[in-house]
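Asker: Have a look at the structure that comes next, please.
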Amino acid sequence: MATVREAPLVVIVGPTASGKTGLAIKLAKHWGGEIISADSRSIYRGMDIGTAKPSLVEQEGVVHFGLDLADPDQRFTAADFKKYAEAKIVDIRNREKVPILVGGTGLYIDGVIFDYSFDNSFNPELRATLQNLSAEELVEYCNQHSIELPQNRGNKRHLIRAIEIGGINHKRNSSLIDNCFVVGISPSRVELRERARQRAHIMFSAGVVEETIKLTQQFDWSLPSMSGSIYPIINRLLLGEISEAEVIELAVQSDMRLAKRQITWFRRNKAILWSESAEKGYLLASKALQAYKAEH
RNA sequence: GCUGGGAUAGUGAAGCGGUCAAACACGGGUGACUGUAAAUCAUCUGGCUCAGCCUUCGGGGGUUCGAAUCCCUCUCCCAGCA
């Protein structure tokens with residue numbers, strides 16, 4: 001019987017506005033943990049309020065990694081995140097703390113916990129050229145070059161990626177990495193909607209509009225980092241197209257759609273221990289950590 | 001009170017005698033997605049005992065083989081005149 005020397009990797013997943021962040025901080029404070037955020041938007045510097053990034057005050061003194069890793073005009077990928085997170089996990093464990101990976105970006109999470117082998121080819125010129133072709137033409141291209149097609153033939157982005165790597169990446173693991181457990185928070189849709197609405201209001205009083213203005217002065221809307229989040233919606237307010245009340249509605253709507261995609265992604269993961277609330281998720285994670293601590 | 005315009009599925013909006021359960025957009029559901037992923041895409045969206053059937057196009061009544069589409073009437077909206 002090999003004894004577990006290292007702390008387990010606690011993973012917390014769930015849709016946006018499910019209360020993951022608060023739960024992770026509570027866990028970290030109680031069990032001596034440090035947090036690694038797995039959120040494809042919180043990695044950007046200067047995008048704080050609009051991405052619901054926990055402020056220093058909200059972090060309650062808990063060490064947070066995964067925040068402010070790149071500028072909005074820098075390229076940062078799931079593979080970059082994987083490398084970064086793995087290093088941090090080692091680092092945290094070396095200091096005998098509990099690593100807590102928390103986030104809603106499924107690809108980031110799975111990259112780490114299923115040890116994805118990302119294909120490192122990246123060809124910006126090819127992408128730019130291919131971008132001018134229609135989905136049908138891209139499918140035709142794949143057929144001519146006998147490149148395996150992605151599931152959705154209407155998805156240009158996936159089609160271009162398939163051409164770039166010469167097919168579909170089939171290196172899949174179905175089992176989790178060792179010494180790791182995953183807790184999923186899945187509140188009801190009504191509750192999520194309510195939380196999203198409250199959050200949108202808070203963003204306004206915290207100054208998202210000012211933050212958006214600052215971002216628009218520095219960055220182009222065509223950047224990947226500038227898509228999604230609440231920023232494009234606020235921009236419509238700045239352009240006088242919609243009112244603040246409409247911004248709230250649209251923000252809630254886009255959050256709910258995001259939540260749906262996140263839930264769909266995570267549902268595939270059979271290893272997740274689901275809880276309908278952050279409170280229950282806390283209990284679940286604590287139980288597992290208790291077992292680990294007992295061995296020490 | 002008179003004269004014109006209008007009432008269509010969750011919302012907006014086409015249709016203007018048959019091929020209409022009714023275009024399209026939005027909203028909503030489901031799903032895909034291993035180096036853009038808060039992205040990108042697919043699919044469904046009146047009901048049902050679902051290759052068929054049933055109930056819909058403000059209400060009621062007609063015309064017609066056949067109406068959301070034509071006529072009459074009622075109700076409610078909007079514009080102009082009183």
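Labeling convention for the structure tokens: chains A, B, ... as they appear, residues from 1 per chain, ligands from 1 in order of appearance.
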Distance limit 8 Å, atoms considered: only C-alpha atoms (C1' of nucleotides). Which chain B residues sit that close to chain A? Return them as a PyMOL selection string.
Answerer: chain B and resi 31-42
Asker: If you run DSSP on the backbone, which residues of stretch 1-136 of chain A are strand (DSSP E), as a list in words?
Answerer: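 Of stretch 1-136 of chain A, only Leu9, Val10, Val11, Ile12, Val13, Gly33, Glu34, Ile35, Ile36, Ser37, His64, Phe65, Val98, Pro99, Ile100, Leu101, Val102 and Gly103 of chain A fall in strand (DSSP E).
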Asker: Rank nothing, just name the residue among B:G80, B:G29, B:G10, B:G18 nearest to B:A67, using only C-alpha atoms (C1' of nucleotides).
Answerer: B:G18
Asker: If we count only C-alpha atoms (C1' of nucleotides), what is near stretch 22-27 of chain B at a cut-off of 9 Å, once residues fewer than 6 positions away on the same chain are taken out, given as a list of chain:residue names?
Answerer: B:U8, B:A9, B:G10, B:U11, B:G12, B:A13, B:A14, B:G15, B:C57, B:A68
Asker: Could you write those residues out with C-alpha atoms (C1' of nucleotides), as a PDB file, in the first residue's frame?
Answerer:
```pdb
ATOM      1  C1'   U B   8     -50.392  35.676 -37.450  1.00  0.00           C
ATOM      2  C1'   A B   9     -47.083  30.657 -33.214  1.00  0.00           C
ATOM      3  C1'   G B  10     -42.886  32.802 -26.600  1.00  0.00           C
ATOM      4  C1'   U B  11     -41.541  37.860 -29.113  1.00  0.00           C
ATOM      5  C1'   G B  12     -40.824  40.696 -33.722  1.00  0.00           C
ATOM      6  C1'   A B  13     -42.343  39.878 -38.588  1.00  0.00           C
ATOM      7  C1'   A B  14     -43.590  37.473 -43.758  1.00  0.00           C
ATOM      8  C1'   G B  15     -47.683  35.299 -46.119  1.00  0.00           C
ATOM      9  C1'   C B  57     -53.339  32.739 -37.942  1.00  0.00           C
ATOM     10  C1'   A B  68     -54.378  33.030 -42.384  1.00  0.00           C
TER      11        A B  68
END
```
Asker: Point out the residue among A:Lys29, A:Lys260, A:His296, A:Arg267 with the least atom-to-atom distance to A:Gln59, counting only C-alpha atoms.
Answerer: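 Among A:Lys29, A:Lys260, A:His296, A:Arg267, it is A:Lys29 that comes nearest to A:Gln59.
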Asker: Pick the closest to A:Ile49 from A:Ser275, A:Thr21, A:Asn269, A:Thr212: which is it, counting only C-alpha atoms?
Answerer: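 When distances to A:Ile49 are compared using only C-alpha atoms, the smallest one comes from A:Thr212.
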Asker: Give me the residues within 12 Å of A:Arg5 as a list of chain:residue names, counting only C-alpha atoms (C1' of nucleotides) and dropping any in the same chain fewer than 4 places off.
Answerer: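 Within the cut-off, the hits are A:Arg93, A:Asn94, A:Glu96, A:Lys97, A:Val98, A:Asn179, A:Tyr292, A:Lys293, A:Ala294, A:Glu295, A:His296.
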